[in-house]
2 protein chains.
Amino acid sequence: MDTSLASLNGFGFTDGVLPSACPTRIVLNHVTSTWGVLVLVALSQSGLRWGELRRTVQGISEKMLAQTLRTLEADGFVLRTAQPTIPPRVDYSLTDRGRDLTEHLLPLMSWIAANADDIVGADAEQASAAVRP
Amino acid sequence: MDTSLASLNGFGFTDGVLPSACPTRIVLNHVTSTWGVLVLVALSQSGLRWGELRRTVQGISEKMLAQTLRTLEADGFVLRTAQPTIPPRVDYSLTDRGRDLTEHLLPLMSWIAANADDIVGADAEQASAAVRP
DNA sequence: CGGAATCCGTAATGATACTG
DNA sequence: CAGTATCATTACGGATTCCG
């Protein structure tokens with residue numbers, strides 16, 4: 001009787017979704033962090049330099065970019081290549097693991113991008129809802 | 001020369017990843033919020049009552065569960081069915097749109113769950129790194 | 001049982017300034 | 001250019017309390 005989507009993926013989240021403090025939760029929070037997704041998507045097209053990344057991921061602050069990149073690098077999703085030249089040049093690109101991840105991430109992003117207008121338009125969102133007392 | 005993953009998905013994020021304040025960002029933040037993903041995954045198996053949901057998504061507080069559910073309902077991902085009985089009974093389930101979304105979400109979750117141990121083990125993560133002065 | 005409302009501490013975030 | 005450091009702000013999240 002299990003026709004759930006979870007079973008279709010060969011991975012059943014049958015009792016709890018996830019144990020509260022497991023590695024999966026940690027990685028999930030890194031990947032689905034506000035800027036994590038956007039940085040990964042940005043790098044999925046090609047390697048980028050710090051400045052390019054900053055411009056590509058619109059709205060990100062230097063602090064958040066640095067922090068996000070350090071986290072993603074520590075997780076082995078992003079490769080940092082620094083050249084000790086003057087001026088310095090640092091490139092960021094996806095590792096094999098990072099590419100593996102974005103393969104799953106991009107379809108999700110595409111779906112959201114394709115449906116976002118419908119979704120937000122449906123109820124005007126909290127943006128305007130927050131106006132009421 | 002465009003062999004990027006983005007193009008393979010028929011959706012190119014070619015210049016910026018996303019305009020800084022677009023509907024996609026909003027929906028993305030809802031879906032990838034800390035508890036959003038977990039609630040959606042929990043409901044992907046079957047509809048659940050409030051209490052069941054609370055137990056299934058381990059670690060979530062009532063406040064966050066309520067808030068997450070309201071957001072997901074407003075976005076049309078979740079259907080809320082209240083029965084005015086005593087005691088009250090409220091069921092939550094995915095809408096068609098919600099099921100559509102989780103179809104993209106579950107593969108990602110499965111991948112993360114399958115790789116999380118490797119990833120976290122690779123550098124011991126901030127959990128232990130935070131110990132050092 | 002299923003919430004909504006309040007208070008409050010912590011941690012995330014962002015603007016700015018500064019350094020190698 | 002590629003960051004780091006500092007500080008002000010905000011929002012997240014939990015515990016508690018009350019209501020239908």
# chains A, B, ... in the order shown; residues from 1 in each chain; ligands from 1
call {"tool": "select_by_dssp", "arguments": {"residues": "segment 62-132 of chain A", "states": "alpha helix (DSSP H)", "output": "ChimeraX atom specification"}}
result
/A:62-74,96-123,125-129
call {"tool": "residues_around", "arguments": {"residues": "DG20 of chain C", "least_positions_apart": "5", "cutoff": "10 Å", "atoms": "only C-alpha atoms (C1' of nucleotides)", "output": "number ranges by chain"}}
result
A: 88; D: 2-3
call {"tool": "interface_residues", "arguments": {"of": "chain A", "to": "chain C", "cutoff": "12 Å", "atoms": "only C-alpha atoms (C1' of nucleotides)", "output": "ChimeraX atom specification"}}
result
/A:33-35,59-65,67,84-88
call {"tool": "interface_residues", "arguments": {"of": "chain A", "to": "chain B", "cutoff": "6 Å", "atoms": "only C-alpha atoms", "output": "number ranges by chain"}}
result
A: 4, 16-17, 20, 23-24, 32, 42, 45, 56-59, 75, 104, 108, 113, 116-117, 119
call {"tool": "write_last_selection", "arguments": {"atoms": "all heavy atoms", "output": "short mmCIF file (atom, residue, chain, number, x, y, z; two decimals), in the first residue's frame"}}
result
data_model
loop_
_atom_site.label_atom_id
_atom_site.label_comp_id
_atom_site.auth_asym_id
_atom_site.auth_seq_id
_atom_site.Cartn_x
_atom_site.Cartn_y
_atom_site.Cartn_z
N SER A 4 3.78 5.96 -1.96
CA SER A 4 4.32 7.31 -1.72
C SER A 4 5.50 7.61 -2.64
O SER A 4 6.15 6.71 -3.16
CB SER A 4 4.77 7.46 -0.27
OG SER A 4 5.94 6.68 -0.07
N GLY A 16 10.12 8.63 11.16
CA GLY A 16 10.38 10.06 11.24
C GLY A 16 10.94 10.52 9.92
O GLY A 16 11.41 9.70 9.13
N VAL A 17 10.87 11.80 9.66
CA VAL A 17 11.47 12.30 8.44
C VAL A 17 12.97 12.09 8.50
O VAL A 17 13.58 11.57 7.60
CB VAL A 17 11.17 13.80 8.25
CG1 VAL A 17 11.95 14.34 7.07
CG2 VAL A 17 9.71 14.00 8.04
N SER A 20 16.60 13.75 14.55
CA SER A 20 16.77 15.20 14.72
C SER A 20 18.19 15.71 14.54
O SER A 20 18.41 16.79 14.03
CB SER A 20 16.23 15.63 16.08
OG SER A 20 16.20 14.55 16.97
N PRO A 23 23.75 13.62 10.35
CA PRO A 23 24.52 14.29 9.30
C PRO A 23 23.65 14.84 8.18
O PRO A 23 23.94 15.91 7.64
CB PRO A 23 25.42 13.17 8.78
CG PRO A 23 25.58 12.23 9.92
CD PRO A 23 24.27 12.27 10.64
N THR A 24 22.58 14.13 7.88
CA THR A 24 21.72 14.58 6.78
C THR A 24 21.14 15.96 7.06
O THR A 24 21.09 16.81 6.17
CB THR A 24 20.58 13.58 6.55
OG1 THR A 24 21.15 12.30 6.30
CG2 THR A 24 19.75 13.99 5.36
N THR A 32 20.48 23.89 1.61
CA THR A 32 19.26 24.68 1.45
C THR A 32 19.35 26.02 2.17
O THR A 32 18.33 26.67 2.37
CB THR A 32 18.04 23.91 1.98
OG1 THR A 32 18.19 23.72 3.39
CG2 THR A 32 17.90 22.57 1.28
N ALA A 42 24.88 29.11 -9.36
CA ALA A 42 25.75 30.03 -10.10
C ALA A 42 26.99 29.29 -10.62
O ALA A 42 27.42 29.50 -11.77
CB ALA A 42 26.17 31.18 -9.20
N GLN A 45 27.16 26.61 -13.86
CA GLN A 45 27.37 26.97 -15.26
C GLN A 45 28.84 26.94 -15.63
O GLN A 45 29.23 26.49 -16.69
CB GLN A 45 26.80 28.37 -15.51
CG GLN A 45 25.37 28.50 -15.02
CD GLN A 45 24.92 29.93 -14.90
OE1 GLN A 45 24.94 30.67 -15.87
NE2 GLN A 45 24.52 30.34 -13.71
N THR A 56 27.13 37.82 -9.67
CA THR A 56 26.16 36.87 -10.20
C THR A 56 25.05 36.57 -9.19
O THR A 56 23.87 36.56 -9.54
CB THR A 56 26.85 35.55 -10.57
OG1 THR A 56 27.89 35.82 -11.50
CG2 THR A 56 25.86 34.57 -11.17
N VAL A 57 25.45 36.34 -7.96
CA VAL A 57 24.45 36.08 -6.92
C VAL A 57 24.01 37.43 -6.35
O VAL A 57 24.52 37.90 -5.35
CB VAL A 57 25.03 35.19 -5.81
CG1 VAL A 57 23.95 34.88 -4.77
CG2 VAL A 57 25.58 33.91 -6.38
N GLN A 58 23.05 38.01 -7.00
CA GLN A 58 22.63 39.37 -6.66
C GLN A 58 22.10 39.46 -5.24
O GLN A 58 21.29 38.66 -4.82
CB GLN A 58 21.56 39.83 -7.63
CG GLN A 58 22.09 40.13 -9.02
CD GLN A 58 20.97 40.46 -9.99
OE1 GLN A 58 19.98 41.07 -9.62
NE2 GLN A 58 21.13 40.02 -11.23
N GLY A 59 22.59 40.47 -4.54
CA GLY A 59 22.07 40.72 -3.20
C GLY A 59 22.88 40.12 -2.08
O GLY A 59 22.65 40.41 -0.92
N ASP A 75 32.41 21.13 2.88
CA ASP A 75 31.57 19.97 2.57
C ASP A 75 32.02 19.26 1.30
O ASP A 75 31.46 18.23 0.92
CB ASP A 75 30.11 20.40 2.42
CG ASP A 75 29.47 20.70 3.76
OD1 ASP A 75 30.10 20.43 4.79
OD2 ASP A 75 28.32 21.19 3.77
N HIS A 104 20.79 17.39 -9.00
CA HIS A 104 19.49 17.22 -8.35
C HIS A 104 18.86 18.56 -8.01
O HIS A 104 17.65 18.68 -7.88
CB HIS A 104 19.66 16.40 -7.07
CG HIS A 104 20.14 15.01 -7.31
ND1 HIS A 104 19.29 13.97 -7.63
CD2 HIS A 104 21.38 14.49 -7.30
CE1 HIS A 104 20.00 12.87 -7.80
NE2 HIS A 104 21.28 13.15 -7.61
N LEU A 108 14.93 21.14 -9.47
CA LEU A 108 14.10 21.79 -8.45
C LEU A 108 14.02 23.29 -8.69
O LEU A 108 12.93 23.88 -8.67
CB LEU A 108 14.68 21.50 -7.07
CG LEU A 108 13.98 22.15 -5.87
CD1 LEU A 108 12.57 21.59 -5.73
CD2 LEU A 108 14.78 21.94 -4.60
N ALA A 113 11.29 28.18 -10.42
CA ALA A 113 11.33 29.37 -11.27
C ALA A 113 10.14 29.40 -12.22
O ALA A 113 9.56 30.46 -12.50
CB ALA A 113 12.64 29.40 -12.05
N ALA A 116 6.87 29.98 -9.87
CA ALA A 116 6.89 31.01 -8.81
C ALA A 116 5.81 32.07 -9.01
O ALA A 116 5.15 32.47 -8.05
CB ALA A 116 8.26 31.66 -8.74
N ASP A 117 5.61 32.50 -10.23
CA ASP A 117 4.65 33.57 -10.48
C ASP A 117 3.24 33.14 -10.08
O ASP A 117 2.52 33.89 -9.41
CB ASP A 117 4.68 33.97 -11.96
CG ASP A 117 5.93 34.76 -12.29
OD1 ASP A 117 6.38 35.55 -11.44
OD2 ASP A 117 6.46 34.58 -13.40
N ILE A 119 2.46 30.87 -7.92
CA ILE A 119 2.39 30.62 -6.48
C ILE A 119 2.26 31.90 -5.70
O ILE A 119 1.38 32.04 -4.84
CB ILE A 119 3.67 29.85 -6.02
CG1 ILE A 119 3.66 28.46 -6.64
CG2 ILE A 119 3.74 29.78 -4.51
CD1 ILE A 119 4.95 27.71 -6.51
#
call {"tool": "closest_atom_pairs", "arguments": {"of": "chain D", "to": "chain B", "cutoff": "12 Å", "atoms": "only C-alpha atoms (C1' of nucleotides)", "output": "CSV"}}
result
residue,atom,partner,partner_atom,distance
D:DC12,C1',B:Met64,CA,9.4
D:DG13,C1',B:Met64,CA,7.4
D:DG14,C1',B:Ser61,CA,7.2
D:DA15,C1',B:Ser61,CA,9.8
D:DT16,C1',B:Lys63,CA,11.7
D:DG20,C1',B:Pro88,CA,9.3
call {"tool": "write_last_selection", "arguments": {"atoms": "N, CA and C atoms (P, O5', C5', C4', C3', O3' and C1' of nucleotides)", "output": "PDB file, in the first residue's frame"}}
result
ATOM      1  P    DC D  12      12.808  34.731   9.646  1.00  0.00           P
ATOM      2  O5'  DC D  12      13.391  33.507  10.467  1.00  0.00           O
ATOM      3  C5'  DC D  12      14.819  33.327  10.489  1.00  0.00           C
ATOM      4  C4'  DC D  12      15.196  32.684  11.788  1.00  0.00           C
ATOM      5  C3'  DC D  12      14.299  31.497  12.163  1.00  0.00           C
ATOM      6  O3'  DC D  12      15.121  30.356  12.241  1.00  0.00           O
ATOM      7  C1'  DC D  12      14.654  32.939  14.024  1.00  0.00           C
ATOM      8  P    DG D  13      14.481  28.904  12.171  1.00  0.00           P
ATOM      9  O5'  DG D  13      14.218  28.607  13.704  1.00  0.00           O
ATOM     10  C5'  DG D  13      15.304  28.689  14.597  1.00  0.00           C
ATOM     11  C4'  DG D  13      14.809  28.758  16.013  1.00  0.00           C
ATOM     12  C3'  DG D  13      13.682  27.753  16.340  1.00  0.00           C
ATOM     13  O3'  DG D  13      14.193  26.847  17.285  1.00  0.00           O
ATOM     14  C1'  DG D  13      13.293  29.890  17.309  1.00  0.00           C
ATOM     15  P    DG D  14      13.317  25.609  17.815  1.00  0.00           P
ATOM     16  O5'  DG D  14      13.023  25.992  19.328  1.00  0.00           O
ATOM     17  C5'  DG D  14      14.127  26.303  20.169  1.00  0.00           C
ATOM     18  C4'  DG D  14      13.639  26.823  21.510  1.00  0.00           C
ATOM     19  C3'  DG D  14      12.562  25.952  22.173  1.00  0.00           C
ATOM     20  O3'  DG D  14      12.920  25.743  23.527  1.00  0.00           O
ATOM     21  C1'  DG D  14      11.816  28.202  22.007  1.00  0.00           C
ATOM     22  P    DA D  15      12.091  24.649  24.363  1.00  0.00           P
ATOM     23  O5'  DA D  15      11.314  25.597  25.386  1.00  0.00           O
ATOM     24  C5'  DA D  15      12.043  26.553  26.145  1.00  0.00           C
ATOM     25  C4'  DA D  15      11.085  27.430  26.949  1.00  0.00           C
ATOM     26  C3'  DA D  15       9.962  26.633  27.635  1.00  0.00           C
ATOM     27  O3'  DA D  15       9.884  27.037  29.000  1.00  0.00           O
ATOM     28  C1'  DA D  15       9.056  28.368  26.263  1.00  0.00           C
ATOM     29  P    DT D  16       8.794  26.354  29.971  1.00  0.00           P
ATOM     30  O5'  DT D  16       7.597  27.394  29.917  1.00  0.00           O
ATOM     31  C5'  DT D  16       7.874  28.787  30.034  1.00  0.00           C
ATOM     32  C4'  DT D  16       6.634  29.606  29.745  1.00  0.00           C
ATOM     33  C3'  DT D  16       5.336  29.055  30.373  1.00  0.00           C
ATOM     34  O3'  DT D  16       4.838  29.990  31.314  1.00  0.00           O
ATOM     35  C1'  DT D  16       5.008  29.765  28.124  1.00  0.00           C
ATOM     36  P    DG D  20     -12.347  32.040  22.845  1.00  0.00           P
ATOM     37  O5'  DG D  20     -12.680  30.914  21.771  1.00  0.00           O
ATOM     38  C5'  DG D  20     -12.052  30.868  20.504  1.00  0.00           C
ATOM     39  C4'  DG D  20     -12.268  29.485  19.878  1.00  0.00           C
ATOM     40  C3'  DG D  20     -13.676  28.939  20.100  1.00  0.00           C
ATOM     41  O3'  DG D  20     -14.134  28.347  18.893  1.00  0.00           O
ATOM     42  C1'  DG D  20     -12.089  27.385  20.913  1.00  0.00           C
TER      43       DG D  20
END
call {"tool": "select_by_dssp", "arguments": {"residues": "segment 46-131 of chain A", "states": "strand (DSSP E or B)", "output": "PyMOL selection string"}}
result
chain A and resi 48-49+78-83+89-94
call {"tool": "write_last_selection", "arguments": {"atoms": "N, CA, C and O atoms", "output": "PDB file, in the first residue's frame"}}
result
ATOM      1  N   LEU A  48      33.781  30.418 -11.354  1.00  0.00           N
ATOM      2  CA  LEU A  48      33.717  31.870 -11.288  1.00  0.00           C
ATOM      3  C   LEU A  48      34.733  32.399 -10.281  1.00  0.00           C
ATOM      4  O   LEU A  48      35.107  31.708  -9.337  1.00  0.00           O
ATOM      5  N   ARG A  49      35.142  33.629 -10.513  1.00  0.00           N
ATOM      6  CA  ARG A  49      36.016  34.291  -9.555  1.00  0.00           C
ATOM      7  C   ARG A  49      35.168  34.925  -8.455  1.00  0.00           C
ATOM      8  O   ARG A  49      33.955  35.074  -8.616  1.00  0.00           O
ATOM      9  N   VAL A  78      32.567  22.564  -3.316  1.00  0.00           N
ATOM     10  CA  VAL A  78      33.213  23.632  -4.066  1.00  0.00           C
ATOM     11  C   VAL A  78      34.729  23.542  -3.935  1.00  0.00           C
ATOM     12  O   VAL A  78      35.253  23.241  -2.864  1.00  0.00           O
ATOM     13  N   LEU A  79      35.391  23.795  -5.048  1.00  0.00           N
ATOM     14  CA  LEU A  79      36.856  23.804  -5.059  1.00  0.00           C
ATOM     15  C   LEU A  79      37.360  25.236  -5.162  1.00  0.00           C
ATOM     16  O   LEU A  79      36.929  26.004  -6.008  1.00  0.00           O
ATOM     17  N   ARG A  80      38.270  25.588  -4.262  1.00  0.00           N
ATOM     18  CA  ARG A  80      38.824  26.941  -4.234  1.00  0.00           C
ATOM     19  C   ARG A  80      40.241  26.893  -4.781  1.00  0.00           C
ATOM     20  O   ARG A  80      41.083  26.133  -4.304  1.00  0.00           O
ATOM     21  N   THR A  81      40.516  27.695  -5.797  1.00  0.00           N
ATOM     22  CA  THR A  81      41.841  27.709  -6.411  1.00  0.00           C
ATOM     23  C   THR A  81      42.407  29.113  -6.356  1.00  0.00           C
ATOM     24  O   THR A  81      41.986  30.001  -7.099  1.00  0.00           O
ATOM     25  N   ALA A  82      43.382  29.311  -5.482  1.00  0.00           N
ATOM     26  CA  ALA A  82      43.967  30.631  -5.301  1.00  0.00           C
ATOM     27  C   ALA A  82      45.300  30.723  -6.033  1.00  0.00           C
ATOM     28  O   ALA A  82      46.124  29.820  -5.965  1.00  0.00           O
ATOM     29  N   GLN A  83      45.485  31.833  -6.740  1.00  0.00           N
ATOM     30  CA  GLN A  83      46.765  32.078  -7.399  1.00  0.00           C
ATOM     31  C   GLN A  83      47.446  33.259  -6.720  1.00  0.00           C
ATOM     32  O   GLN A  83      46.906  34.359  -6.704  1.00  0.00           O
ATOM     33  N   ARG A  89      44.161  36.248  -7.538  1.00  0.00           N
ATOM     34  CA  ARG A  89      43.051  35.723  -8.326  1.00  0.00           C
ATOM     35  C   ARG A  89      42.607  34.410  -7.702  1.00  0.00           C
ATOM     36  O   ARG A  89      43.415  33.491  -7.515  1.00  0.00           O
ATOM     37  N   VAL A  90      41.334  34.324  -7.394  1.00  0.00           N
ATOM     38  CA  VAL A  90      40.801  33.113  -6.765  1.00  0.00           C
ATOM     39  C   VAL A  90      39.601  32.629  -7.561  1.00  0.00           C
ATOM     40  O   VAL A  90      38.658  33.389  -7.800  1.00  0.00           O
ATOM     41  N   ASP A  91      39.686  31.379  -7.980  1.00  0.00           N
ATOM     42  CA  ASP A  91      38.574  30.797  -8.726  1.00  0.00           C
ATOM     43  C   ASP A  91      37.828  29.782  -7.878  1.00  0.00           C
ATOM     44  O   ASP A  91      38.433  29.048  -7.093  1.00  0.00           O
ATOM     45  N   TYR A  92      36.533  29.756  -8.086  1.00  0.00           N
ATOM     46  CA  TYR A  92      35.690  28.769  -7.415  1.00  0.00           C
ATOM     47  C   TYR A  92      34.982  27.938  -8.474  1.00  0.00           C
ATOM     48  O   TYR A  92      34.491  28.466  -9.471  1.00  0.00           O
ATOM     49  N   SER A  93      34.955  26.641  -8.225  1.00  0.00           N
ATOM     50  CA  SER A  93      34.255  25.761  -9.159  1.00  0.00           C
ATOM     51  C   SER A  93      33.667  24.596  -8.392  1.00  0.00           C
ATOM     52  O   SER A  93      34.016  24.362  -7.230  1.00  0.00           O
ATOM     53  N   LEU A  94      32.788  23.864  -9.043  1.00  0.00           N
ATOM     54  CA  LEU A  94      32.185  22.708  -8.397  1.00  0.00           C
ATOM     55  C   LEU A  94      33.132  21.518  -8.443  1.00  0.00           C
ATOM     56  O   LEU A  94      33.843  21.310  -9.427  1.00  0.00           O
TER      57      LEU A  94
END
